[in-house]
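> structure-v1.cif is reproduced in full below (mmCIF, C-alpha atoms).
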data_entry
#
loop_
_atom_site.label_atom_id
_atom_site.label_comp_id
_atom_site.auth_asym_id
_atom_site.auth_seq_id
_atom_site.Cartn_x
_atom_site.Cartn_y
_atom_site.Cartn_z
CA MET A 752 110.30 120.68 113.69
CA SER A 753 110.92 119.25 110.23
CA HIS A 754 113.93 120.42 108.26
CA LEU A 755 112.35 119.24 105.00
CA LEU A 756 110.73 121.60 102.53
CA HIS A 757 107.40 119.80 102.21
CA ARG A 758 104.93 120.22 99.35
CA GLN A 759 102.63 122.20 101.65
CA ILE A 760 104.62 124.13 104.20
CA HIS A 761 101.89 124.49 106.81
CA HIS A 762 100.52 120.95 106.58
CA ASP A 763 101.27 118.43 109.32
CA TYR A 764 102.07 115.17 107.53
CA PRO A 765 101.76 111.80 109.27
CA VAL A 766 104.89 109.64 109.12
CA ALA A 767 104.67 106.55 106.92
CA SER A 768 106.46 103.84 108.86
CA GLY A 769 105.48 100.60 107.15
CA GLY A 770 103.61 98.90 104.37
CA ASN A 771 101.96 95.55 103.83
CA GLY A 772 100.20 94.54 100.63
CA VAL A 773 97.48 97.06 99.81
CA HIS A 774 98.05 98.98 103.06
CA LEU A 775 100.34 101.79 104.18
CA ILE A 776 100.88 102.14 107.93
CA ASP A 777 101.70 105.35 109.79
CA ALA A 778 103.82 105.80 112.89
CA ALA A 779 100.72 105.66 115.09
CA GLY A 780 99.88 102.23 113.68
CA ARG A 781 96.92 103.41 111.58
CA ARG A 782 96.39 101.41 108.38
CA TYR A 783 95.31 103.00 105.08
CA ILE A 784 94.12 101.22 101.96
CA ASP A 785 96.36 102.70 99.28
CA ALA A 786 93.63 103.12 96.69
CA SER A 787 95.67 105.53 94.58
CA GLY A 788 99.07 103.83 94.74
CA GLY A 789 100.44 107.21 95.80
CA ALA A 790 100.16 108.74 92.34
CA ALA A 791 99.31 105.50 90.53
CA VAL A 792 102.76 104.20 91.46
CA SER A 793 102.45 101.22 93.83
CA CYS A 794 101.06 98.69 91.38
CA LEU A 795 102.20 95.73 93.52
CA GLY A 796 101.27 97.31 96.81
CA HIS A 797 103.95 97.48 99.46
CA GLN A 798 106.85 95.24 100.50
CA HIS A 799 106.40 92.53 97.88
CA PRO A 800 108.91 89.81 98.90
CA ARG A 801 110.13 88.98 95.39
CA VAL A 802 110.96 92.60 94.66
CA LEU A 803 112.72 93.09 97.99
CA ALA A 804 114.76 89.93 97.42
CA ALA A 805 115.82 91.11 93.96
CA MET A 806 116.90 94.48 95.35
CA HIS A 807 118.92 92.85 98.14
CA ALA A 808 120.61 90.55 95.62
CA GLN A 809 121.52 93.49 93.38
CA LEU A 810 123.00 95.45 96.28
CA ASP A 811 125.17 92.47 97.13
CA LYS A 812 126.61 92.59 93.60
CA LEU A 813 126.63 96.23 92.45
CA ALA A 814 124.90 99.39 93.60
CA TYR A 815 126.05 101.86 90.92
CA ALA A 816 128.14 102.26 87.79
CA HIS A 817 128.02 105.35 85.56
CA THR A 818 126.68 104.68 82.07
CA SER A 819 129.43 106.68 80.37
CA PHE A 820 131.76 103.83 81.41
CA PHE A 821 129.63 100.71 81.79
CA THR A 822 126.33 99.05 81.18
CA SER A 823 125.03 96.57 83.78
CA GLU A 824 123.42 93.16 83.80
CA ALA A 825 120.33 94.55 85.51
CA ALA A 826 119.85 97.31 82.93
CA GLU A 827 120.36 94.98 79.98
CA ALA A 828 117.95 92.41 81.42
CA LEU A 829 115.31 95.09 82.03
CA GLY A 830 115.70 96.41 78.48
CA ALA A 831 115.21 92.92 77.06
CA GLU A 832 112.15 92.32 79.25
CA LEU A 833 110.55 95.62 78.23
CA LEU A 834 111.21 95.27 74.50
CA ALA A 835 109.87 91.71 74.45
CA ARG A 836 106.42 93.08 75.37
CA ALA A 837 106.62 96.52 73.73
CA PRO A 838 104.67 97.79 70.71
CA ALA A 839 106.05 96.07 67.61
CA ASN A 840 107.68 99.20 66.15
CA MET A 841 109.87 99.80 69.22
CA SER A 842 113.51 98.71 69.04
CA HIS A 843 115.23 100.30 72.05
CA VAL A 844 114.51 101.74 75.47
CA TYR A 845 116.21 104.59 77.34
CA LEU A 846 116.17 104.20 81.14
CA VAL A 847 115.81 107.25 83.40
CA SER A 848 114.78 108.02 86.99
CA GLY A 849 111.12 109.05 86.63
CA GLY A 850 108.29 110.29 84.47
CA SER A 851 109.41 113.89 83.98
CA GLU A 852 112.84 112.67 82.88
CA ALA A 853 111.22 110.20 80.47
CA VAL A 854 109.24 113.00 78.86
CA GLU A 855 112.29 115.31 78.72
CA ALA A 856 114.20 112.54 76.98
CA ALA A 857 111.39 111.99 74.49
CA LEU A 858 111.24 115.70 73.62
CA LYS A 859 114.98 115.79 73.00
CA MET A 860 114.88 112.58 70.99
CA ALA A 861 112.13 114.00 68.81
CA ARG A 862 114.04 117.20 68.16
CA GLN A 863 117.33 115.38 67.50
CA TYR A 864 115.58 112.97 65.13
CA PHE A 865 114.75 115.81 62.77
CA VAL A 866 118.17 117.41 63.16
CA GLU A 867 119.75 114.10 62.16
CA ARG A 868 117.45 114.04 59.12
CA GLY A 869 118.49 117.51 58.03
CA GLU A 870 115.34 119.33 59.20
CA PRO A 871 116.66 121.65 61.93
CA GLN A 872 113.89 124.19 61.32
CA ARG A 873 111.40 121.99 63.18
CA ARG A 874 110.79 123.52 66.60
CA HIS A 875 107.11 123.25 67.61
CA PHE A 876 105.44 120.76 69.90
CA ILE A 877 101.68 120.49 70.04
CA SER A 878 99.89 119.10 73.08
CA ARG A 879 96.54 119.46 74.81
CA ARG A 880 95.10 121.78 77.38
CA GLN A 881 94.53 120.08 80.75
CA SER A 882 97.33 117.60 80.09
CA TYR A 883 100.15 116.87 82.49
CA HIS A 884 103.56 115.65 81.34
CA GLY A 885 105.84 116.39 84.30
CA ASN A 886 107.42 119.18 86.29
CA THR A 887 110.79 119.69 84.65
CA LEU A 888 110.86 122.76 82.40
CA GLY A 889 110.56 120.95 79.09
CA ALA A 890 107.81 118.64 80.31
CA LEU A 891 106.02 121.54 81.98
CA ALA A 892 106.24 123.55 78.75
CA VAL A 893 104.33 120.92 76.76
CA GLY A 894 101.93 120.28 79.62
CA GLY A 895 98.59 122.04 79.52
CA ASN A 896 97.79 122.45 83.20
CA ALA A 897 97.27 126.17 83.71
CA TRP A 898 97.85 126.17 87.48
CA ARG A 899 101.14 124.26 87.31
CA ARG A 900 102.44 126.45 84.46
CA GLN A 901 101.31 129.88 85.63
CA GLN A 902 104.18 131.18 87.74
CA PHE A 903 106.85 129.52 85.57
CA ALA A 904 105.40 130.61 82.20
CA PRO A 905 108.04 133.32 81.55
CA ILE A 906 110.84 130.73 81.58
CA LEU A 907 109.05 128.01 79.61
CA ALA A 908 109.60 127.30 75.92
CA ASP A 909 106.67 128.18 73.70
CA SER A 910 104.25 125.35 73.03
CA HIS A 911 100.94 125.01 71.23
CA TYR A 912 97.69 123.46 72.39
CA ILE A 913 94.44 121.95 71.23
CA ASP A 914 91.44 120.97 73.35
CA PRO A 915 91.56 117.77 75.41
CA CYS A 916 89.56 114.76 74.29
CA TYR A 917 87.14 115.19 77.20
CA ALA A 918 83.68 114.01 76.20
CA TYR A 919 81.94 114.94 79.45
CA ARG A 920 82.65 118.63 78.87
CA TYR A 921 83.22 118.91 75.10
CA ARG A 922 80.91 116.47 73.29
CA ASP A 923 77.71 117.96 71.87
CA GLU A 924 74.48 116.32 73.07
CA ALA A 925 73.48 115.22 69.57
CA GLU A 926 76.97 113.94 68.73
CA THR A 927 77.96 110.27 68.88
CA ALA A 928 81.09 109.34 70.81
CA GLU A 929 82.79 108.39 67.55
CA ALA A 930 81.88 111.64 65.80
CA TYR A 931 83.14 113.61 68.78
CA GLY A 932 86.43 111.73 68.80
CA LEU A 933 87.07 112.49 65.14
CA ARG A 934 86.11 116.15 65.58
CA ALA A 935 88.44 116.47 68.57
CA ALA A 936 91.30 114.85 66.65
CA ASP A 937 90.83 117.12 63.67
CA GLN A 938 91.86 120.07 65.83
CA LEU A 939 95.40 118.68 65.56
CA GLU A 940 95.37 118.95 61.78
CA ALA A 941 94.12 122.53 61.98
CA LYS A 942 96.93 123.44 64.38
CA ILE A 943 99.56 121.75 62.20
CA LEU A 944 98.38 123.68 59.17
CA GLU A 945 98.42 126.91 61.18
CA LEU A 946 102.05 126.36 62.25
CA GLY A 947 103.21 124.78 59.01
CA ALA A 948 103.83 121.03 59.03
CA ALA A 949 107.53 121.48 58.19
CA ASN A 950 107.96 123.39 61.47
CA VAL A 951 106.28 120.87 63.81
CA ILE A 952 108.21 118.19 65.70
CA ALA A 953 105.56 116.15 67.46
CA PHE A 954 102.16 115.85 69.07
CA VAL A 955 102.33 114.88 72.76
CA ALA A 956 99.39 113.29 74.59
CA GLU A 957 98.52 111.02 77.49
CA THR A 958 96.82 107.90 76.18
CA VAL A 959 94.44 108.02 79.15
CA VAL A 960 94.63 111.40 80.89
CA GLY A 961 95.66 111.00 84.51
CA ALA A 962 96.11 113.50 87.32
CA THR A 963 94.84 116.67 85.66
CA LEU A 964 91.51 115.38 84.31
CA GLY A 965 91.02 112.18 86.28
CA ALA A 966 91.24 108.97 84.20
CA VAL A 967 89.73 110.28 80.95
CA PRO A 968 90.09 107.71 78.14
CA PRO A 969 90.14 108.75 74.48
CA ALA A 970 86.90 108.74 72.53
CA PRO A 971 86.49 105.87 70.03
CA GLY A 972 88.66 106.43 66.98
CA TYR A 973 90.40 109.49 68.41
CA LEU A 974 93.96 108.16 68.65
CA ALA A 975 93.70 106.29 65.35
CA ARG A 976 92.80 109.58 63.65
CA ILE A 977 95.63 111.34 65.53
CA ARG A 978 98.10 108.71 64.28
CA ASP A 979 96.86 109.17 60.72
CA ILE A 980 97.19 112.97 60.94
CA CYS A 981 100.75 112.70 62.29
CA ASP A 982 101.73 110.29 59.51
CA ARG A 983 100.20 112.41 56.73
CA HIS A 984 102.03 115.53 57.91
CA GLY A 985 105.31 113.81 58.78
CA ILE A 986 105.36 114.61 62.50
CA LEU A 987 106.02 112.30 65.44
CA LEU A 988 103.51 110.98 67.96
CA ILE A 989 104.69 110.91 71.58
CA LEU A 990 102.35 109.06 73.93
CA ASP A 991 102.78 109.69 77.65
CA GLU A 992 101.87 106.59 79.65
CA VAL A 993 103.77 107.57 82.77
CA MET A 994 100.59 107.19 84.84
CA CYS A 995 98.26 105.07 82.71
CA GLY A 996 100.84 102.59 81.40
CA MET A 997 102.52 99.34 82.48
CA GLY A 998 99.28 97.48 83.08
CA ARG A 999 97.22 100.11 84.81
CA THR A 1000 94.39 100.04 82.23
CA GLY A 1001 94.37 96.26 81.77
CA THR A 1002 96.96 95.89 79.02
CA LEU A 1003 100.66 96.45 79.57
CA HIS A 1004 100.57 99.55 77.38
CA ALA A 1005 97.35 101.56 77.24
CA CYS A 1006 97.81 102.29 73.53
CA GLU A 1007 97.35 98.58 72.79
CA GLN A 1008 93.62 99.07 73.39
CA GLU A 1009 93.56 101.77 70.70
CA GLY A 1010 95.47 99.77 68.09
CA VAL A 1011 97.97 102.62 67.84
CA MET A 1012 101.76 102.60 68.02
CA PRO A 1013 103.52 105.87 68.86
CA ASP A 1014 107.00 106.88 67.76
CA LEU A 1015 108.07 107.49 71.36
CA LEU A 1016 106.37 106.10 74.47
CA THR A 1017 107.09 107.20 78.04
CA VAL A 1018 106.47 105.10 81.17
CA ALA A 1019 107.47 105.35 84.81
CA LYS A 1020 105.19 104.87 87.81
CA GLY A 1021 104.06 101.29 87.32
CA LEU A 1022 107.43 100.37 85.84
CA GLY A 1023 109.15 100.14 89.21
CA GLY A 1024 106.07 100.15 91.41
CA GLY A 1025 107.62 102.65 93.80
CA TYR A 1026 110.42 100.34 94.90
CA ALA A 1027 113.05 102.57 93.30
CA PRO A 1028 112.94 105.73 91.14
CA ILE A 1029 112.83 104.67 87.49
CA GLY A 1030 111.23 105.61 84.18
CA ALA A 1031 111.79 104.78 80.53
CA THR A 1032 111.34 106.09 77.01
CA PHE A 1033 110.63 103.52 74.31
CA VAL A 1034 112.21 104.41 70.96
CA ALA A 1035 110.82 103.33 67.59
CA LYS A 1036 113.29 101.77 65.16
CA HIS A 1037 113.20 104.64 62.66
CA ILE A 1038 114.24 107.08 65.37
CA TYR A 1039 117.05 104.84 66.59
CA ASP A 1040 118.23 104.33 62.99
CA ALA A 1041 118.40 108.10 62.42
CA PHE A 1042 120.73 108.41 65.43
CA ALA A 1043 122.78 105.34 64.53
CA GLN A 1044 123.24 106.36 60.90
CA GLY A 1045 123.86 109.99 61.79
CA SER A 1046 125.83 111.31 64.77
CA GLY A 1047 125.95 107.92 66.48
CA LEU A 1048 124.86 109.32 69.85
CA PHE A 1049 121.92 110.62 71.79
CA GLN A 1050 122.98 114.02 73.10
CA HIS A 1051 121.43 113.74 76.54
CA GLY A 1052 122.00 112.04 79.89
CA HIS A 1053 121.64 112.06 83.67
CA THR A 1054 123.86 110.73 86.43
CA TYR A 1055 121.44 107.99 87.45
CA VAL A 1056 120.15 106.70 84.10
CA GLY A 1057 120.11 102.92 84.07
CA HIS A 1058 120.81 102.73 87.81
CA PRO A 1059 121.43 99.03 88.57
CA LEU A 1060 119.39 98.91 91.77
CA ALA A 1061 116.43 100.66 90.15
CA CYS A 1062 116.66 98.36 87.13
CA ALA A 1063 116.74 95.25 89.34
CA ALA A 1064 113.65 96.46 91.18
CA ALA A 1065 111.77 97.26 87.98
CA LEU A 1066 112.72 93.92 86.43
CA ALA A 1067 111.37 92.11 89.48
CA VAL A 1068 108.15 94.14 89.39
CA GLN A 1069 107.55 93.34 85.73
CA ARG A 1070 108.29 89.66 86.22
CA VAL A 1071 105.86 89.46 89.13
CA ILE A 1072 103.15 91.09 86.99
CA ARG A 1073 103.85 88.57 84.22
CA ASP A 1074 104.35 85.44 86.35
CA GLU A 1075 101.37 86.05 88.64
CA ARG A 1076 99.14 87.01 85.67
CA LEU A 1077 98.21 90.23 87.41
CA LEU A 1078 96.89 91.90 84.27
CA GLU A 1079 94.05 89.40 84.40
CA ASN A 1080 93.33 90.61 87.93
CA VAL A 1081 93.44 94.22 86.74
CA VAL A 1082 90.72 93.42 84.20
CA GLN A 1083 88.61 91.43 86.67
CA ARG A 1084 88.94 93.80 89.61
CA GLY A 1085 88.64 96.77 87.27
CA ALA A 1086 85.25 95.53 86.08
CA GLN A 1087 84.21 95.12 89.72
CA LEU A 1088 85.44 98.61 90.56
CA GLU A 1089 83.50 100.14 87.67
CA GLN A 1090 80.33 98.29 88.67
CA ALA A 1091 80.72 99.29 92.33
CA LEU A 1092 81.37 102.95 91.49
CA ARG A 1093 78.34 103.10 89.22
CA ALA A 1094 76.15 101.38 91.80
CA ARG A 1095 77.24 103.80 94.51
CA PHE A 1096 77.50 107.04 92.52
CA ALA A 1097 75.44 106.82 89.30
CA ASP A 1098 72.54 108.64 90.96
CA HIS A 1099 74.60 110.72 93.35
CA PRO A 1100 73.53 114.38 93.07
CA HIS A 1101 77.13 115.61 93.12
CA VAL A 1102 78.92 113.05 90.94
CA GLY A 1103 78.74 114.24 87.35
CA ASP A 1104 80.89 111.66 85.58
CA ILE A 1105 82.43 108.25 86.24
CA ARG A 1106 85.19 107.29 83.81
CA GLY A 1107 88.23 105.08 83.46
CA ARG A 1108 89.70 101.75 82.42
CA GLY A 1109 91.13 98.79 84.29
CA LEU A 1110 92.19 99.85 87.77
CA PHE A 1111 92.28 103.53 86.79
CA TRP A 1112 89.06 105.42 87.55
CA GLY A 1113 87.96 108.96 88.17
CA LEU A 1114 84.89 110.69 89.59
CA GLU A 1115 84.13 114.29 88.63
CA LEU A 1116 82.31 116.19 91.37
CA VAL A 1117 79.74 118.85 90.52
CA ALA A 1118 77.50 121.19 92.47
CA GLU A 1119 74.66 120.66 89.99
CA ARG A 1120 74.43 117.59 87.77
CA SER A 1121 71.95 118.89 85.20
CA THR A 1122 74.15 121.88 84.30
CA LYS A 1123 77.52 120.28 85.18
CA THR A 1124 78.22 123.34 87.33
CA PRO A 1125 81.38 122.83 89.41
CA PHE A 1126 81.69 123.60 93.07
CA ASP A 1127 83.14 126.99 93.94
CA ALA A 1128 86.92 126.64 93.65
CA SER A 1129 87.48 128.45 96.95
CA LEU A 1130 85.86 125.50 98.73
CA ARG A 1131 88.75 123.19 97.72
CA LEU A 1132 86.35 120.28 97.85
CA HIS A 1133 88.93 117.84 96.48
CA ALA A 1134 91.20 118.53 99.47
CA SER A 1135 88.31 118.01 101.87
CA VAL A 1136 87.51 114.65 100.25
CA LYS A 1137 91.15 113.60 100.63
CA SER A 1138 91.17 114.54 104.31
CA ASN A 1139 87.88 112.78 105.00
CA ALA A 1140 89.10 109.69 103.15
CA MET A 1141 92.30 109.54 105.22
CA GLN A 1142 90.22 109.78 108.38
CA ARG A 1143 88.48 106.61 107.18
CA GLY A 1144 91.69 104.76 106.35
CA LEU A 1145 91.63 105.40 102.61
CA LEU A 1146 94.18 107.04 100.32
CA ALA A 1147 92.69 108.55 97.15
CA TYR A 1148 94.20 111.04 94.69
CA PRO A 1149 92.10 114.24 94.47
CA MET A 1150 92.74 117.24 92.23
CA GLY A 1151 91.20 120.65 91.63
CA GLY A 1152 91.12 122.71 88.45
CA THR A 1153 89.69 119.82 86.45
CA ILE A 1154 87.90 121.96 83.87
CA ASP A 1155 90.40 124.71 83.11
CA GLY A 1156 93.13 124.64 85.75
CA ARG A 1157 91.01 126.69 88.14
CA SER A 1158 87.49 125.24 88.43
CA GLY A 1159 86.33 121.70 88.98
CA ASP A 1160 87.15 118.78 91.29
CA HIS A 1161 87.80 115.12 90.67
CA ILE A 1162 88.97 112.07 92.59
CA LEU A 1163 91.36 109.55 91.00
CA LEU A 1164 91.57 105.90 92.03
CA ALA A 1165 94.47 103.60 91.08
CA PRO A 1166 94.52 100.65 93.49
CA PRO A 1167 97.23 97.96 93.39
CA PHE A 1168 97.05 95.16 90.85
CA ILE A 1169 97.05 92.67 93.75
CA CYS A 1170 93.79 93.88 95.31
CA ASP A 1171 90.96 91.42 95.93
CA ALA A 1172 87.18 91.78 95.81
CA GLY A 1173 86.90 92.77 99.46
CA THR A 1174 89.42 95.56 99.00
CA ILE A 1175 87.46 96.99 96.08
CA ASP A 1176 84.26 97.00 98.13
CA ALA A 1177 86.02 98.72 101.03
CA ILE A 1178 87.48 101.38 98.74
CA VAL A 1179 84.09 102.33 97.31
CA ASP A 1180 82.37 102.28 100.71
CA ARG A 1181 84.97 104.53 102.32
CA LEU A 1182 85.14 106.86 99.34
CA GLY A 1183 81.37 107.28 99.38
CA GLU A 1184 81.44 108.21 103.04
CA ALA A 1185 84.31 110.65 102.48
CA ILE A 1186 82.60 112.43 99.56
CA ASP A 1187 79.32 112.74 101.43
CA ALA A 1188 81.04 114.04 104.57
CA ALA A 1189 83.00 116.65 102.57
CA ILE A 1190 79.91 117.92 100.76
CA VAL A 1191 77.76 118.05 103.89
CA ARG A 1192 80.37 120.28 105.53
CA ALA A 1193 80.55 122.63 102.54
CA PRO A 1194 78.82 125.99 103.06
CA ALA A 1195 75.51 126.04 101.18
CA ARG A 1196 76.43 129.26 99.37
CA LEU A 1197 79.40 127.50 97.73
CA ARG A 1198 77.50 124.50 96.43
CA ALA A 1199 76.20 126.13 93.24
#
Represent the structure contained in this file as structure tokens.


Amino acid sequence: MSHLLHRQIHHDYPVASGGNGVHLIDAAGRRYIDASGGAAVSCLGHQHPRVLAAMHAQLDKLAYAHTSFFTSEAAEALGAELLARAPANMSHVYLVSGGSEAVEAALKMARQYFVERGEPQRRHFISRRQSYHGNTLGALAVGGNAWRRQQFAPILADSHYIDPCYAYRYRDEAETAEAYGLRAADQLEAKILELGAANVIAFVAETVVGATLGAVPPAPGYLARIRDICDRHGILLILDEVMCGMGRTGTLHACEQEGVMPDLLTVAKGLGGGYAPIGATFVAKHIYDAFAQGSGLFQHGHTYVGHPLACAAALAVQRVIRDERLLENVVQRGAQLEQALRARFADHPHVGDIRGRGLFWGLELVAERSTKTPFDASLRLHASVKSNAMQRGLLAYPMGGTIDGRSGDHILLAPPFICDAGTIDAIVDRLGEAIDAAIVRAPARLRA
């Protein structure tokens, strides 16, 4: 009997007992290709020797020191490493323990920025439906996932939403991708005008939408128009790259591919690669200057911010990515993954859309391709695909509620940056078998 409160109380979880490169190994000795990196976390795979050595060395020197008394060599070195490769407008970084904390910090920074500037009336955040920004109350409040929010809605702060930039479901047939992107972005301006620009703090968005929609990149021109709208109305742009950032899409920061610099940028999963809990919020110079020239503090903090062991692990992860030129492998293997997915699923009767960038790809499953009709939600097809994939030695990241928090299924792939060509082929082969097995077992009455 387990004494842990697991995510699913009645599920019997295998015990992870080891890891090696792209594989996780359970207590029975079964090996799984970790094609999702957990939740797009394990960018270097498992048990990378350079990262383990750095963590051992840090433990031999210092495990912990509270940041109200000290900084640490590991934290300062990580900050310097991150800022050296950050968007040009960023001047500082705030180190936390994960993605939700990074988003919470960004929300507080954005609010405090306007307080420091003498605009305390600003109170509204705008985000997008079918977004996900974390599970703490502030992050959940700006998130747009209906299922995650539902039971906690009475205790969440009010937030405001526009449609996601989700071309598969929202673009008109006669509309170009560029025209759709501009139309989708213009919803932000309409919402700002509705609320009054002087009352809005920030727009919050994932650069490439992760868990909730399944690797949906922005339409061409979308984020550039969003940046322009924010600038014209004097509100901040917060980009959430907790899942899609730190190299996952082929550049260190996903926003680089859009030519857009946010005011605040959150990262986490690929920052430490799963070796220790860590996240970060990048802070643009004008926000830092408002704090420095005003109260002289950021009114926020957690016990484990800037934890030396976590910082040493993250620093080692980032140096491995840089020294081993792994972003080049992300681009090369990402192109192979896209080609393999399209070869296997482009004509599949139940795969409606294939989308993504780099080593970050999603498949949307449908009961009927011509109408984009989803499978009946009661079937929980995504869960069946996950189970069938594990039976075949593959770990993928499935989700339900893709369309509106209730209907729709997708599968997310986020394999390690170290994967080779053979691993990519094995991922697609096993995933194809898992999807087909799950659909074959679905009752016919639930397929349309």

> Using all atoms listed in the file, which of A:Ile784, A:Trp1112, A:His984, A:Asp763 sits nearest Asp1180 in chain A?

A:Ile784

> For Asp1171 in chain A, please output as an mmCIF file with C-alpha atoms, in the coordinates of the input all residues within 12 Å (counting all atoms listed in the file; exclusion window: fewer than 6 positions along the same chain).


data_model
loop_
_atom_site.group_PDB
_atom_site.id
_atom_site.type_symbol
_atom_site.label_atom_id
_atom_site.label_comp_id
_atom_site.auth_asym_id
_atom_site.auth_seq_id
_atom_site.Cartn_x
_atom_site.Cartn_y
_atom_site.Cartn_z
ATOM 1 C CA GLY A 772 100.200 94.540 100.630
ATOM 2 C CA VAL A 773 97.480 97.060 99.810
ATOM 3 C CA ILE A 784 94.120 101.220 101.960
ATOM 4 C CA GLY A 796 101.270 97.310 96.810
ATOM 5 C CA LEU A 1077 98.210 90.230 87.410
ATOM 6 C CA ASN A 1080 93.330 90.610 87.930
ATOM 7 C CA VAL A 1081 93.440 94.220 86.740
ATOM 8 C CA VAL A 1082 90.720 93.420 84.200
ATOM 9 C CA GLN A 1083 88.610 91.430 86.670
ATOM 10 C CA ARG A 1084 88.940 93.800 89.610
ATOM 11 C CA GLY A 1085 88.640 96.770 87.270
ATOM 12 C CA GLN A 1087 84.210 95.120 89.720
ATOM 13 C CA LEU A 1088 85.440 98.610 90.560
ATOM 14 C CA LEU A 1110 92.190 99.850 87.770
ATOM 15 C CA ALA A 1177 86.020 98.720 101.030
ATOM 16 C CA ILE A 1178 87.480 101.380 98.740
#

> Rounded to one decimal in Å, what is the spacing between CA of Ala962 in chain A and CA of Thr927 in chain A?

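CA of Thr927 in chain A lies 26.1 Å from CA of Ala962 in chain A.
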
> Rounded to one decimal in Å, what is the spacing between CA of Glu992 in chain A and CA of Val1117 in chain A?

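Separation between CA of Glu992 in chain A and CA of Val1117 in chain A: 27.5 Å.
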
> Which is closer to Asp811 in chain A than all the others in A:Val960, A:Gly1047, A:Glu924, A:Leu1060, using all atoms listed in the file?

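Of all the options, A:Leu1060 lies closest to Asp811 in chain A.
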
> Would you write out, as a PyMOL selection string, every residue that the PyMOL selection byres ((chain A and resi 1039-1043) around 12) captures in this file?

chain A and resi 840-845+860-869+1014-1015+1032-1038+1044-1050

> Could you save the residues just selected, with C-alpha atoms, as a PDB file, keeping the file's coordinate frame?


ATOM      1  CA  ASN A 840     107.680  99.200  66.150  1.00  0.00           C
ATOM      2  CA  MET A 841     109.870  99.800  69.220  1.00  0.00           C
ATOM      3  CA  SER A 842     113.510  98.710  69.040  1.00  0.00           C
ATOM      4  CA  HIS A 843     115.230 100.300  72.050  1.00  0.00           C
ATOM      5  CA  VAL A 844     114.510 101.740  75.470  1.00  0.00           C
ATOM      6  CA  TYR A 845     116.210 104.590  77.340  1.00  0.00           C
ATOM      7  CA  MET A 860     114.880 112.580  70.990  1.00  0.00           C
ATOM      8  CA  ALA A 861     112.130 114.000  68.810  1.00  0.00           C
ATOM      9  CA  ARG A 862     114.040 117.200  68.160  1.00  0.00           C
ATOM     10  CA  GLN A 863     117.330 115.380  67.500  1.00  0.00           C
ATOM     11  CA  TYR A 864     115.580 112.970  65.130  1.00  0.00           C
ATOM     12  CA  PHE A 865     114.750 115.810  62.770  1.00  0.00           C
ATOM     13  CA  VAL A 866     118.170 117.410  63.160  1.00  0.00           C
ATOM     14  CA  GLU A 867     119.750 114.100  62.160  1.00  0.00           C
ATOM     15  CA  ARG A 868     117.450 114.040  59.120  1.00  0.00           C
ATOM     16  CA  GLY A 869     118.490 117.510  58.030  1.00  0.00           C
ATOM     17  CA  ASP A1014     107.000 106.880  67.760  1.00  0.00           C
ATOM     18  CA  LEU A1015     108.070 107.490  71.360  1.00  0.00           C
ATOM     19  CA  THR A1032     111.340 106.090  77.010  1.00  0.00           C
ATOM     20  CA  PHE A1033     110.630 103.520  74.310  1.00  0.00           C
ATOM     21  CA  VAL A1034     112.210 104.410  70.960  1.00  0.00           C
ATOM     22  CA  ALA A1035     110.820 103.330  67.590  1.00  0.00           C
ATOM     23  CA  LYS A1036     113.290 101.770  65.160  1.00  0.00           C
ATOM     24  CA  HIS A1037     113.200 104.640  62.660  1.00  0.00           C
ATOM     25  CA  ILE A1038     114.240 107.080  65.370  1.00  0.00           C
ATOM     26  CA  GLN A1044     123.240 106.360  60.900  1.00  0.00           C
ATOM     27  CA  GLY A1045     123.860 109.990  61.790  1.00  0.00           C
ATOM     28  CA  SER A1046     125.830 111.310  64.770  1.00  0.00           C
ATOM     29  CA  GLY A1047     125.950 107.920  66.480  1.00  0.00           C
ATOM     30  CA  LEU A1048     124.860 109.320  69.850  1.00  0.00           C
ATOM     31  CA  PHE A1049     121.920 110.620  71.790  1.00  0.00           C
ATOM     32  CA  GLN A1050     122.980 114.020  73.100  1.00  0.00           C
TER      33      GLN A1050
END

> With the file shown as input, list the residues that the PyMOL selection byres ((chain A and resi 1148) around 10) selects, as a list in words.

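With the PyMOL selection byres ((chain A and resi 1148) around 10) on this model, the match is Asp785, Ala786, Ser787, Gly788, Gly789, Ala790, Ala791, Ala962, Gly965, Gly1113, His1133, Ala1134, Val1136, Lys1137, Ala1140, Leu1146, Ala1147, Pro1149, Met1150, His1161, Ile1162, Leu1163, Leu1164 and Ala1165 of chain A.
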